[in-house]
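Colleague: So that we are looking at the same thing, I have put the structure below in C-alpha cells.
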Amino acid sequence: MSDLTQQIQKQILDAYQSGTALNIIGGNSKSWYGRVPTGEPLNIGGHSGILNYHPSELVLTARAGTTLAEIADALDTHRQRLPFDPPYYGEAATIGGTVACNFSGPRRPYAGSCRDFVLGCTMINGKGKIMRFGGEVMKNVAGFDASRLMTGSLGTLGLLLDISLKVLPHRLAEQTLTLTGDFHQAIEIMNRWASTPLPVTAMAADGKLIYFRICGTSSAVEASRKQIGGELYEDGLNFWKELREQSLLWFDDPRPLWRFSLPQAAPHIQIDHILEEDWYIGWGGAQRWLKSDLSFDEVQAVARDAGGHATLFRGGDRENIFAPLSPALIKLHQQMKKAFDPSGIMNPGRMYEGL
C-alpha cells in the first residue's frame, strides 16, 4: 500500500501553472483505447492499496492504482466479486483505469455496468484541487453525481485517487449451455430468454453456436438448463474469461476491431463484402463486434441505421474513435472540461479532439 497523493498533486499543480499536458498512466494495460495519448507521463501505478472493505456491507474502497487482481483476491476471501465482471486486458490492470474506461464484461446487461456500481470517488481536478464525490452507500448524492461522471471520462476531467464500489456475493452454481444457430436465429433466441426470469448472466453468439451462462442456486441452474435445453459446455469458465479478455481466437486479427452498441433486439447487420465470420455478438445482442477495414464514416452510418453507435475499439486510425457528438453535446462536454480542467492539461484529446 502506498499513498502518493501529495506527490501526484504536486505534479498536477506544477503542470497547471506551466500549462503542461499530462498523460495519466496506471497499469498501462489500456493505452491502446481511445485516441493516442499525449503529454508528460503522470504515473499513478504506485498509488495503491485497499483502504476499506466491509464484506457485510458489500462495499470496497481502493486507491486507483490497486490492481484488479489484488481486489479479486480480497473479494474471493469472502466469496464476493465485482458485479460488472471487468475485463483486465493485462495483469497490471488497475481499478482506476477500469473505472476511467467504464469497462464491463459479459455480465453487464444482466447485473449493470461499471458506472452503476461506483458509489463515490476522490479525484484531483486540472487545477490540482482534491475533490470528494459520493460516499460508500448507494443513496448518498443530492443533485449531480460527479463520481459517475468520472466513470468513462478517460481521465479527461481529472485524476482518480480512490474509488468506492458496491460488491456482490458469488453465485452458488454456474453452467454454460450452447444451442446451434446463425446470427439471425441467435438474436431471436437470446431475446426470447432475456424476457424470462431465468438466471441468465451472459449470452453470446459466434454465428454457429449460441452461448448461455446461467448462475444461481443449484436447483435454479438445473431448472434453467432443462428449460433452455441445448448442450452443456464443459469449459464454460474459460470461455467467458477468454471472451471478456478478448483472447478467443476470433479476436486474433490485425484488422481494426469495431464495437457496436445497439438495441438488444436489433436485427443482424449485413454489409456487402463483409463475411459472417467477421461478426461476433455479445451482451445478448446489445454488443456487436466487427473486424473490418471499413472507414470510420462508413461504420458510423451502419451503426446509426441500426439504431445505435460504434466505437473503434482496437487498431486502425486512432484519429476518430467514438461516435460523433451533436453540437449540443459538444457544448456540454466543453463546459464540463472547462469546469474541471480549465487549462486542458488532463489527458487532452483522449476522447475527442479539443477536449
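Labels used: A, B, ... for chains in the order of the C-alpha cells, numbers from 1 for residues in each chain, and numbers from 1 for ligands as shown.
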Using only C-alpha atoms, tabulate the residues of segment 177-215 of chain A lying at most 9 Å from any atom of segment 221-242 of chain A, each with its closest atom pair and that distance in Å to one decimal, by chain and increasing residue number, as JSON lines.

Modeller:
```
{"residue": "A:Leu177", "atom": "CA", "partner": "A:Leu232", "partner_atom": "CA", "distance": 4.6}
{"residue": "A:Thr178", "atom": "CA", "partner": "A:Glu231", "partner_atom": "CA", "distance": 5.2}
{"residue": "A:Leu179", "atom": "CA", "partner": "A:Gly230", "partner_atom": "CA", "distance": 4.9}
{"residue": "A:Thr180", "atom": "CA", "partner": "A:Gly230", "partner_atom": "CA", "distance": 7.9}
{"residue": "A:Trp193", "atom": "CA", "partner": "A:Ile228", "partner_atom": "CA", "distance": 8.0}
{"residue": "A:Leu198", "atom": "CA", "partner": "A:Ser224", "partner_atom": "CA", "distance": 6.2}
{"residue": "A:Pro199", "atom": "CA", "partner": "A:Val221", "partner_atom": "CA", "distance": 7.4}
{"residue": "A:Val200", "atom": "CA", "partner": "A:Ser224", "partner_atom": "CA", "distance": 8.4}
{"residue": "A:Ala202", "atom": "CA", "partner": "A:Trp240", "partner_atom": "CA", "distance": 8.3}
{"residue": "A:Tyr211", "atom": "CA", "partner": "A:Tyr233", "partner_atom": "CA", "distance": 8.5}
{"residue": "A:Phe212", "atom": "CA", "partner": "A:Ile228", "partner_atom": "CA", "distance": 8.8}
{"residue": "A:Arg213", "atom": "CA", "partner": "A:Gly236", "partner_atom": "CA", "distance": 7.7}
{"residue": "A:Ile214", "atom": "CA", "partner": "A:Val221", "partner_atom": "CA", "distance": 6.0}
{"residue": "A:Cys215", "atom": "CA", "partner": "A:Val221", "partner_atom": "CA", "distance": 6.0}
```

Colleague: What would the file look like if the residues just selected were written as a CSV table (one decimal), in the first residue's frame with N, CA and C atoms?

Modeller:
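File result_11.csv, as written:
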```csv
chain,number,residue,atom,x,y,z
A,177,LEU,N,-24.4,-23.3,-21.4
A,177,LEU,CA,-25.1,-24.1,-22.4
A,177,LEU,C,-24.9,-23.6,-23.8
A,178,THR,N,-25.0,-24.4,-24.8
A,178,THR,CA,-24.9,-24.0,-26.1
A,178,THR,C,-26.1,-24.5,-26.9
A,179,LEU,N,-26.6,-23.7,-27.8
A,179,LEU,CA,-27.6,-24.1,-28.8
A,179,LEU,C,-27.0,-23.7,-30.2
A,180,THR,N,-27.4,-24.4,-31.2
A,180,THR,CA,-26.9,-24.1,-32.6
A,180,THR,C,-27.8,-23.1,-33.2
A,193,TRP,N,-35.1,-15.5,-24.4
A,193,TRP,CA,-34.8,-16.0,-23.0
A,193,TRP,C,-34.5,-14.8,-22.1
A,198,LEU,N,-35.4,-16.4,-15.9
A,198,LEU,CA,-34.3,-17.3,-15.7
A,198,LEU,C,-33.0,-16.6,-15.3
A,199,PRO,N,-32.2,-17.2,-14.5
A,199,PRO,CA,-31.0,-16.5,-14.0
A,199,PRO,C,-29.8,-16.6,-15.1
A,200,VAL,N,-30.1,-16.0,-16.3
A,200,VAL,CA,-29.1,-16.0,-17.3
A,200,VAL,C,-28.2,-14.8,-17.0
A,202,ALA,N,-25.1,-14.2,-18.9
A,202,ALA,CA,-24.3,-13.9,-20.1
A,202,ALA,C,-24.8,-14.6,-21.3
A,211,TYR,N,-24.3,-19.1,-26.9
A,211,TYR,CA,-23.8,-19.5,-25.6
A,211,TYR,C,-24.6,-18.8,-24.5
A,212,PHE,N,-25.0,-19.6,-23.5
A,212,PHE,CA,-25.7,-19.1,-22.3
A,212,PHE,C,-25.0,-19.4,-21.1
A,213,ARG,N,-24.8,-18.4,-20.2
A,213,ARG,CA,-24.3,-18.7,-18.8
A,213,ARG,C,-25.5,-18.5,-17.9
A,214,ILE,N,-25.7,-19.5,-17.0
A,214,ILE,CA,-26.8,-19.4,-16.0
A,214,ILE,C,-26.1,-19.6,-14.7
A,215,CYS,N,-26.5,-18.7,-13.7
A,215,CYS,CA,-25.9,-18.7,-12.4
A,215,CYS,C,-27.0,-18.5,-11.4
```

Colleague: Would you write out, as CSV, a table of all residues in segment 270-341 of chain A that have an atom no more than 7 Å from an atom of segment 255-266 of chain A, listing for each the closest atom pair and the distance in Å to one decimal, considering only C-alpha atoms and ordering rows by chain and rising residue number?

Modeller:
```
residue,atom,partner,partner_atom,distance
A:Gly284,CA,A:Gln264,CA,6.5
A:Gly285,CA,A:Gln264,CA,4.5
A:Ala286,CA,A:Gln264,CA,4.0
A:Gln287,CA,A:Ser261,CA,5.0
A:Arg288,CA,A:Phe260,CA,4.9
A:Trp289,CA,A:Arg259,CA,4.8
A:Leu290,CA,A:Trp258,CA,5.1
A:Lys291,CA,A:Leu257,CA,4.8
A:Ser292,CA,A:Pro256,CA,5.8
A:Asp293,CA,A:Pro256,CA,6.2
A:Ala303,CA,A:Phe260,CA,6.6
A:Ala306,CA,A:Ala266,CA,6.7
A:Gly307,CA,A:Leu262,CA,6.1
A:Gly308,CA,A:Leu262,CA,4.5
A:His309,CA,A:Ser261,CA,5.6
A:Ala310,CA,A:Phe260,CA,4.3
A:Thr311,CA,A:Arg259,CA,5.2
A:Leu312,CA,A:Trp258,CA,4.7
A:Phe313,CA,A:Trp258,CA,5.4
A:Arg314,CA,A:Leu257,CA,5.1
A:Gly315,CA,A:Pro256,CA,4.6
A:Gly316,CA,A:Pro256,CA,4.9
```

Colleague: List as a ChimeraX atom specification the protein and nucleic acid residues near Ile25 of chain A, meaning an atom at most 7 Å away when only C-alpha atoms are counted, but skip any in the same chain fewer than 3 places from it.

Modeller: /A:28,41-45

Colleague: Taking only C-alpha atoms into account, name the residue in A:Pro37, A:Pro87, A:Gly97, A:Pro197 that is nearest to Arg244 of chain A.

Modeller: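 Selected residue with least distance to Arg244 of chain A: A:Pro87.
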
Colleague: What lies within 12 Å of Gln9 of chain A using only C-alpha atoms, ignoring chain neighbours under 2 positions off, as a ChimeraX atom specification?

Modeller: /A:3-7,11-16,42-44,47,123-131,158-161

Colleague: Can those selected residues be exported to a file as a compact mmCIF listing (two decimals), in the first residue's frame so that it contains C-alpha atoms?

Modeller:
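Result written to part_30.txt:
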```txt
# COMPACT_ATOMS: atom_id res chain seq x y z
CA ASP A 3 -0.29 6.84 -0.67
CA LEU A 4 1.17 9.09 -3.37
CA THR A 5 -1.48 11.80 -3.09
CA GLN A 6 0.92 14.64 -2.26
CA GLN A 7 3.38 13.66 -5.00
CA GLN A 11 2.89 17.24 -10.34
CA ILE A 12 -0.60 18.37 -11.36
CA LEU A 13 -0.15 21.79 -9.69
CA ASP A 14 3.16 22.26 -11.49
CA ALA A 15 1.57 21.22 -14.79
CA TYR A 16 -1.34 23.60 -14.23
CA LEU A 42 1.81 11.00 -14.78
CA ASN A 43 2.26 7.50 -13.36
CA ILE A 44 -0.09 6.56 -10.55
CA HIS A 47 -0.77 4.79 -5.62
CA MET A 123 -10.18 12.91 -7.52
CA ILE A 124 -7.79 15.73 -8.35
CA ASN A 125 -9.02 18.17 -10.97
CA GLY A 126 -6.93 20.03 -13.53
CA LYS A 127 -6.17 22.81 -11.05
CA GLY A 128 -4.68 20.40 -8.51
CA LYS A 129 -7.68 20.57 -6.19
CA ILE A 130 -8.67 17.40 -4.33
CA MET A 131 -12.41 16.76 -4.53
CA GLY A 158 -9.27 14.75 -13.59
CA LEU A 159 -7.29 12.01 -11.93
CA LEU A 160 -8.99 9.38 -9.78
CA LEU A 161 -7.30 8.90 -6.39
```

Colleague: When you look at segment 72-83 of chain A with a cut-off of 7 Å (counting only C-alpha atoms), what residues show up, excluding the ones that are within fewer than 3 positions of it in the same chain? I need them as JSON, numbers by chain.

Modeller: {"A": [55, 68, 69, 111, 167, 168, 169, 170]}

Colleague: Using the selection just defined, write its residues with N, CA and C atoms as a PDB file, in the first residue's frame.

Modeller:
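Dumped everything to again-v6.pdb:
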```pdb
ATOM      1  N   PRO A  55     -17.140  -6.516   4.110  1.00  0.00           N
ATOM      2  CA  PRO A  55     -17.881  -7.602   3.460  1.00  0.00           C
ATOM      3  C   PRO A  55     -19.360  -7.633   3.826  1.00  0.00           C
ATOM      4  N   LEU A  68      -6.687  -4.985 -10.332  1.00  0.00           N
ATOM      5  CA  LEU A  68      -7.913  -5.778 -10.278  1.00  0.00           C
ATOM      6  C   LEU A  68      -7.641  -7.134  -9.648  1.00  0.00           C
ATOM      7  N   ALA A  69      -6.452  -7.674  -9.883  1.00  0.00           N
ATOM      8  CA  ALA A  69      -6.100  -8.976  -9.304  1.00  0.00           C
ATOM      9  C   ALA A  69      -6.079  -8.910  -7.780  1.00  0.00           C
ATOM     10  N   ALA A 111     -26.405  -7.512 -14.838  1.00  0.00           N
ATOM     11  CA  ALA A 111     -26.079  -7.025 -13.499  1.00  0.00           C
ATOM     12  C   ALA A 111     -25.945  -5.510 -13.456  1.00  0.00           C
ATOM     13  N   VAL A 167     -20.071  -4.230  -4.090  1.00  0.00           N
ATOM     14  CA  VAL A 167     -19.709  -5.585  -4.491  1.00  0.00           C
ATOM     15  C   VAL A 167     -20.874  -6.517  -4.184  1.00  0.00           C
ATOM     16  N   LEU A 168     -20.829  -7.722  -4.735  1.00  0.00           N
ATOM     17  CA  LEU A 168     -21.912  -8.686  -4.546  1.00  0.00           C
ATOM     18  C   LEU A 168     -21.342 -10.073  -4.261  1.00  0.00           C
ATOM     19  N   PRO A 169     -22.141 -10.957  -3.663  1.00  0.00           N
ATOM     20  CA  PRO A 169     -21.682 -12.333  -3.416  1.00  0.00           C
ATOM     21  C   PRO A 169     -21.526 -13.122  -4.707  1.00  0.00           C
ATOM     22  N   HIS A 170     -20.656 -14.124  -4.656  1.00  0.00           N
ATOM     23  CA  HIS A 170     -20.546 -15.067  -5.770  1.00  0.00           C
ATOM     24  C   HIS A 170     -21.834 -15.872  -5.890  1.00  0.00           C
TER      25      HIS A 170
END
```

Colleague: Using only C-alpha atoms, find the one residue out of A:His54, A:Leu157, A:Gly49, A:Gln185 that sits nearest to His333 of chain A.

Modeller: A:Leu157

Colleague: To one decimal place in Å, what is the distance between atom CA of Glu277 of chain A and atom CA of Val299 of chain A?

Modeller: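 If I compute the distance from atom CA of Glu277 of chain A to atom CA of Val299 of chain A, I get 17.1 Å.
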
Colleague: Fewer than 2 positions away in the same chain doesn't count, so skip those; otherwise give me all residues within 9 Å of Ala205 of chain A, counting only C-alpha atoms, as number ranges by chain.

Modeller: A: 181-183, 186-187, 203, 207-211, 280-282, 284-285

Colleague: Using DSSP on the backbone coordinates, identify the residues of segment 57-273 of chain A assigned to alpha helix (DSSP H); present them as JSON, numbers by chain.

Modeller: {"A": [68, 69, 70, 71, 72, 73, 74, 75, 76, 95, 96, 97, 98, 99, 100, 101, 108, 109, 110, 111, 146, 147, 148, 149, 150, 183, 184, 185, 186, 187, 188, 189, 190, 191, 192, 193, 194, 218, 219, 220, 221, 222, 223, 224, 225, 226, 227, 228, 236, 237, 238, 239, 240, 241, 242, 243, 244]}

Colleague: May I ask which of the residues A:Glu40, A:Arg115, A:Ser247, A:Thr151 is the closest one to Tyr89 of chain A, counting only C-alpha atoms?

Modeller: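 Nearest candidate to Tyr89 of chain A out of A:Glu40, A:Arg115, A:Ser247, A:Thr151: A:Ser247.
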
Colleague: Could you give me, as a PyMOL selection string, each residue of segment 1-175 of chain A that DSSP assigns to strand (DSSP E) when run on this structure's backbone?

Modeller: chain A and resi 22-25+40-43+50-54+59-63+80-81+118-125+130-134+158-166+168-169+173-175

Colleague: Store the residues of this selection in a file with N, CA and C atoms, as a compact mmCIF listing (two decimals), in the first residue's frame.

Modeller:
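Once written, result.txt looks like this:
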```
# COMPACT_ATOMS: atom_id res chain seq x y z
N LEU A 22 -0.70 16.39 -19.40
CA LEU A 22 -0.35 15.19 -18.64
C LEU A 22 -1.04 13.97 -19.22
N ASN A 23 -0.31 12.87 -19.29
CA ASN A 23 -0.83 11.58 -19.73
C ASN A 23 -0.89 10.66 -18.53
N ILE A 24 -2.09 10.39 -18.01
CA ILE A 24 -2.27 9.59 -16.80
C ILE A 24 -2.05 8.11 -17.12
N ILE A 25 -1.18 7.46 -16.35
CA ILE A 25 -0.84 6.05 -16.56
C ILE A 25 -1.00 5.30 -15.24
N GLU A 40 3.07 14.74 -20.81
CA GLU A 40 4.08 14.20 -19.89
C GLU A 40 3.47 13.09 -19.05
N PRO A 41 4.16 11.94 -18.91
CA PRO A 41 3.60 10.83 -18.14
C PRO A 41 3.34 11.22 -16.68
N LEU A 42 2.17 10.86 -16.19
CA LEU A 42 1.81 11.00 -14.78
C LEU A 42 1.45 9.61 -14.30
N ASN A 43 2.42 8.91 -13.72
CA ASN A 43 2.26 7.50 -13.36
C ASN A 43 1.70 7.37 -11.95
N ILE A 50 -6.01 -1.30 -0.79
CA ILE A 50 -7.41 -1.30 -0.40
C ILE A 50 -7.55 -0.52 0.90
N LEU A 51 -8.34 0.54 0.87
CA LEU A 51 -8.48 1.43 2.02
C LEU A 51 -9.54 0.94 3.00
N ASN A 52 -10.65 0.49 2.48
CA ASN A 52 -11.74 -0.02 3.32
C ASN A 52 -12.44 -1.15 2.59
N TYR A 53 -12.75 -2.20 3.32
CA TYR A 53 -13.53 -3.28 2.75
C TYR A 53 -14.43 -3.82 3.85
N HIS A 54 -15.72 -3.70 3.65
CA HIS A 54 -16.70 -4.15 4.63
C HIS A 54 -17.55 -5.24 3.99
N VAL A 59 -19.26 -3.30 0.42
CA VAL A 59 -18.63 -2.06 -0.07
C VAL A 59 -17.12 -2.20 0.02
N LEU A 60 -16.42 -1.74 -1.03
CA LEU A 60 -14.96 -1.74 -1.04
C LEU A 60 -14.47 -0.40 -1.56
N THR A 61 -13.44 0.15 -0.91
CA THR A 61 -12.80 1.38 -1.36
C THR A 61 -11.31 1.10 -1.58
N ALA A 62 -10.80 1.46 -2.75
CA ALA A 62 -9.40 1.20 -3.07
C ALA A 62 -8.80 2.37 -3.80
N ARG A 63 -7.49 2.55 -3.63
CA ARG A 63 -6.79 3.58 -4.40
C ARG A 63 -6.78 3.18 -5.87
N GLN A 80 -16.99 -12.97 -2.63
CA GLN A 80 -17.65 -11.82 -3.23
C GLN A 80 -16.92 -11.44 -4.52
N ARG A 81 -17.51 -10.53 -5.30
CA ARG A 81 -16.95 -10.20 -6.61
C ARG A 81 -17.38 -8.80 -7.03
N VAL A 118 -20.37 2.34 -8.99
CA VAL A 118 -19.50 3.35 -8.38
C VAL A 118 -20.31 4.15 -7.36
N LEU A 119 -19.90 4.07 -6.11
CA LEU A 119 -20.61 4.78 -5.04
C LEU A 119 -20.03 6.16 -4.79
N GLY A 120 -18.74 6.31 -5.01
CA GLY A 120 -18.09 7.59 -4.75
C GLY A 120 -16.64 7.54 -5.18
N CYS A 121 -15.99 8.69 -5.19
CA CYS A 121 -14.59 8.73 -5.55
C CYS A 121 -13.94 9.98 -5.00
N THR A 122 -12.63 9.92 -4.88
CA THR A 122 -11.81 11.10 -4.60
C THR A 122 -10.98 11.35 -5.85
N MET A 123 -10.93 12.61 -6.30
CA MET A 123 -10.18 12.91 -7.52
C MET A 123 -9.45 14.23 -7.36
N ILE A 124 -8.48 14.45 -8.27
CA ILE A 124 -7.79 15.73 -8.35
C ILE A 124 -8.13 16.33 -9.70
N ASN A 125 -8.65 17.56 -9.70
CA ASN A 125 -9.02 18.17 -10.97
C ASN A 125 -7.81 18.82 -11.64
N ILE A 130 -8.13 18.70 -4.70
CA ILE A 130 -8.67 17.40 -4.33
C ILE A 130 -10.16 17.55 -4.05
N MET A 131 -10.96 16.69 -4.66
CA MET A 131 -12.41 16.76 -4.53
C MET A 131 -12.96 15.38 -4.22
N ARG A 132 -13.99 15.35 -3.36
CA ARG A 132 -14.63 14.09 -3.00
C ARG A 132 -16.09 14.12 -3.41
N PHE A 133 -16.52 13.06 -4.11
CA PHE A 133 -17.91 12.96 -4.55
C PHE A 133 -18.50 11.64 -4.08
N GLY A 134 -19.78 11.65 -3.73
CA GLY A 134 -20.45 10.43 -3.33
C GLY A 134 -19.97 9.96 -1.97
N GLY A 158 -10.09 14.76 -14.79
CA GLY A 158 -9.27 14.75 -13.59
C GLY A 158 -8.72 13.37 -13.34
N LEU A 159 -7.95 13.26 -12.28
CA LEU A 159 -7.29 12.01 -11.93
C LEU A 159 -7.98 11.37 -10.74
N LEU A 160 -8.37 10.11 -10.88
CA LEU A 160 -8.99 9.38 -9.78
C LEU A 160 -7.93 8.99 -8.75
N LEU A 161 -8.19 9.31 -7.48
CA LEU A 161 -7.30 8.90 -6.39
C LEU A 161 -7.79 7.61 -5.75
N ASP A 162 -9.08 7.55 -5.44
CA ASP A 162 -9.65 6.32 -4.91
C ASP A 162 -11.11 6.22 -5.33
N ILE A 163 -11.62 4.99 -5.31
CA ILE A 163 -12.98 4.72 -5.76
C ILE A 163 -13.66 3.79 -4.77
N SER A 164 -14.92 4.08 -4.44
CA SER A 164 -15.74 3.20 -3.62
C SER A 164 -16.73 2.48 -4.52
N LEU A 165 -16.82 1.16 -4.34
CA LEU A 165 -17.62 0.32 -5.23
C LEU A 165 -18.53 -0.61 -4.44
N LYS A 166 -19.70 -0.84 -4.98
CA LYS A 166 -20.59 -1.86 -4.46
C LYS A 166 -20.12 -3.22 -4.97
N LEU A 168 -20.83 -7.72 -4.74
CA LEU A 168 -21.91 -8.69 -4.55
C LEU A 168 -21.34 -10.07 -4.26
N PRO A 169 -22.14 -10.96 -3.66
CA PRO A 169 -21.68 -12.33 -3.42
C PRO A 169 -21.53 -13.12 -4.71
N ALA A 173 -23.88 -21.60 -7.98
CA ALA A 173 -23.65 -22.58 -9.05
C ALA A 173 -23.64 -21.86 -10.39
N GLU A 174 -22.97 -22.47 -11.38
CA GLU A 174 -22.85 -21.85 -12.70
C GLU A 174 -22.70 -22.93 -13.76
N GLN A 175 -23.39 -22.76 -14.88
CA GLN A 175 -23.24 -23.67 -16.01
C GLN A 175 -23.32 -22.86 -17.31
```

Colleague: For a quick check of understanding, using only C-alpha atoms, which of A:Lys338, A:Arg350, A:Lys30, A:Arg192 has the smallest distance to Phe322 of chain A?

Modeller: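 That would be A:Arg350, the residue with the smallest distance to Phe322 of chain A.
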
Colleague: Can you tell me how far atom CA of Lys337 of chain A sits from atom CA of Ser295 of chain A, in Å to one decimal?

Modeller: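 Distance between the two atoms: 28.6 Å.
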
Colleague: Please provide the set of residues having any atom within 12 Å of Leu325 of chain A, restricted to only C-alpha atoms, with same-chain residues fewer than 4 positions apart removed, written as a PyMOL selection string.

Modeller: chain A and resi 300+309+320-321+329-334+351-353
